[in-house]
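Everything on this sheet refers to the single structure shown next.
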Amino acid sequence: PRLVNVSARANVGASGDIVIAGFVVAGQTSLTVLVRAVGPGLSQFGVSGVLANPRLALYRDATLVATNEDWGDVGAASIAATTATVGGFALPAGSRDSAIVATLQPGAYTAQVSGAAGTSGIALVEVYEVP
């Protein structure tokens, strides 16, 4: 058995009041992951007070690996297909949610969720292993 997804819902505040999810890629080989910061996409489940424009940053130690704001702006078709493959819920087309697909070397990583332009609200941070 393996853990293939982890997620947490939390409130993202203004300034430095961000949400940080840590995870480790173990072993000797790289691993492809889907990391998402969902705010507006939570509205379809009746969640109110969502983070209107989440910004997602992926770090290995102190090194920025990737960043995304508005998943539909970069590789929307690829991200949607990957989301379906891992069993995640679909993000609405054109939403301001954020997502990154990355192949990572073994090591410790953090996914950091903040609000673009100082926005605040409820967000979901997710990390999926991509088969």
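Chain labels run A, B, ... following the order of the structure tokens; each chain numbers its residues from 1, and ligands are numbered from 1 in the order shown.
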Inset, instruction - Could you give me, as a list in words, the residues within 10 Å of A:Gly94, counting only C-alpha atoms and dropping anything in the same chain fewer than 4 positions from it? - result: Asp70, Trp71, Gly72, Asp73 and Ala76 of chain A
Within 8 Å of stretch 36-57 of chain A, which residues of stretch 65-92 of chain A come that close, and what is the closest atom pair and distance in Å for each? Count only C-alpha atoms and give it as a tab-separated table.
residue	atom	partner	partner_atom	distance
A:Val65	CA	A:Ala57	CA	7.7
A:Ala66	CA	A:Ala57	CA	6.0
A:Thr67	CA	A:Ala57	CA	4.3
A:Asn68	CA	A:Leu56	CA	5.3
A:Glu69	CA	A:Arg55	CA	4.8
A:Asp70	CA	A:Asn53	CA	7.4
A:Leu91	CA	A:Gly41	CA	5.6
A:Pro92	CA	A:Gly41	CA	6.3
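The protein and nucleic acid residues lying at most 6 Å from A:Thr32 are Ala102, Thr103 and Val130 of chain A, with only C-alpha atoms considered and sequence neighbours fewer than 4 positions away removed.
Within stretch 21-119 of chain A, DSSP run on the backbone puts these residues in alpha helix (DSSP H): Ala76, Ala77, Ser78, Ile79, Ala80, Ala81, Thr82, Thr83, Ala84, Thr85 and Val86 of chain A.
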Can you write out the residues you just picked, keeping N, CA, C and O atoms, as an mmCIF file, in the first residue's frame?
data_model
loop_
_atom_site.group_PDB
_atom_site.id
_atom_site.type_symbol
_atom_site.label_atom_id
_atom_site.label_comp_id
_atom_site.auth_asym_id
_atom_site.auth_seq_id
_atom_site.Cartn_x
_atom_site.Cartn_y
_atom_site.Cartn_z
ATOM 1 N N ALA A 76 -3.863 23.861 -19.575
ATOM 2 C CA ALA A 76 -5.150 23.471 -18.998
ATOM 3 C C ALA A 76 -5.575 22.068 -19.420
ATOM 4 O O ALA A 76 -6.046 21.291 -18.588
ATOM 5 N N ALA A 77 -5.413 21.727 -20.687
ATOM 6 C CA ALA A 77 -5.836 20.401 -21.151
ATOM 7 C C ALA A 77 -5.016 19.306 -20.476
ATOM 8 O O ALA A 77 -5.562 18.285 -20.046
ATOM 9 N N SER A 78 -3.730 19.522 -20.344
ATOM 10 C CA SER A 78 -2.848 18.546 -19.699
ATOM 11 C C SER A 78 -3.181 18.399 -18.213
ATOM 12 O O SER A 78 -3.234 17.287 -17.688
ATOM 13 N N ILE A 79 -3.412 19.504 -17.539
ATOM 14 C CA ILE A 79 -3.751 19.467 -16.118
ATOM 15 C C ILE A 79 -5.104 18.800 -15.910
ATOM 16 O O ILE A 79 -5.280 17.992 -14.996
ATOM 17 N N ALA A 80 -6.078 19.091 -16.759
ATOM 18 C CA ALA A 80 -7.394 18.458 -16.655
ATOM 19 C C ALA A 80 -7.291 16.950 -16.857
ATOM 20 O O ALA A 80 -7.909 16.172 -16.122
ATOM 21 N N ALA A 81 -6.497 16.529 -17.825
ATOM 22 C CA ALA A 81 -6.317 15.095 -18.077
ATOM 23 C C ALA A 81 -5.614 14.415 -16.906
ATOM 24 O O ALA A 81 -6.001 13.316 -16.491
ATOM 25 N N THR A 82 -4.604 15.067 -16.367
ATOM 26 C CA THR A 82 -3.886 14.507 -15.212
ATOM 27 C C THR A 82 -4.808 14.419 -14.010
ATOM 28 O O THR A 82 -4.803 13.425 -13.280
ATOM 29 N N THR A 83 -5.623 15.435 -13.783
ATOM 30 C CA THR A 83 -6.580 15.432 -12.680
ATOM 31 C C THR A 83 -7.530 14.239 -12.795
ATOM 32 O O THR A 83 -7.792 13.547 -11.810
ATOM 33 N N ALA A 84 -8.032 13.986 -13.995
ATOM 34 C CA ALA A 84 -8.924 12.840 -14.207
ATOM 35 C C ALA A 84 -8.198 11.526 -13.948
ATOM 36 O O ALA A 84 -8.760 10.603 -13.342
ATOM 37 N N THR A 85 -6.946 11.433 -14.367
ATOM 38 C CA THR A 85 -6.157 10.214 -14.179
ATOM 39 C C THR A 85 -5.976 9.878 -12.708
ATOM 40 O O THR A 85 -6.046 8.718 -12.318
ATOM 41 N N VAL A 86 -5.751 10.886 -11.868
ATOM 42 C CA VAL A 86 -5.501 10.629 -10.445
ATOM 43 C C VAL A 86 -6.783 10.585 -9.620
ATOM 44 O O VAL A 86 -6.738 10.326 -8.420
#
Inset, instruction - May I ask which of the residues A:Val24, A:Ala108, A:Leu31, A:Val101 is the closest one to A:Thr63, counting only C-alpha atoms? - result: A:Ala108
Inset, instruction - Point out the residue among A:Arg96, A:Ala10, A:Gly121, A:Val113 with the least atom-to-atom distance to A:Val35, counting only C-alpha atoms. - result: A:Val113
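Comparing the minimum interatomic distances between A:Gly75 and each of A:Ala116, A:Val4, A:Ile20, A:Ile100, counting only C-alpha atoms, we find that A:Ile100 sits nearest.
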Inset, instruction - Go through A:Gly115, A:Tyr59, A:Gln105, A:Leu34 and flag the residue nearest A:Gly22, using only C-alpha atoms for the distances. - result: A:Tyr59
Inset, instruction - Per DSSP on the backbone, filter chain A down to the residues in strand (DSSP E or B) and report them as JSON, numbers by chain. - result: {"A": [5, 6, 7, 8, 9, 10, 11, 12, 19, 20, 21, 22, 23, 24, 25, 31, 32, 33, 34, 35, 36, 37, 38, 50, 54, 55, 56, 57, 58, 59, 60, 63, 64, 65, 66, 67, 68, 69, 98, 99, 100, 101, 102, 103, 104, 107, 108, 109, 110, 111, 112, 113, 114, 115, 121, 122, 123, 124, 125, 126, 127, 128, 129]}
Hey, which bits of stretch 37-128 of chain A sit within 6 Å of stretch 6-9 of chain A, and for each residue what's the closest pair of atoms and how far apart in Å (one decimal), counting only C-alpha atoms, rows by chain and increasing number, as CSV?
residue,atom,partner,partner_atom,distance
A:Ala123,CA,A:Arg9,CA,5.7
A:Leu124,CA,A:Arg9,CA,4.3
A:Val125,CA,A:Ser7,CA,5.5
A:Glu126,CA,A:Ser7,CA,4.2
A:Val127,CA,A:Val6,CA,5.5
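Atom CA of A:Pro131 is positioned 11.2 Å from atom CA of A:Gly87.
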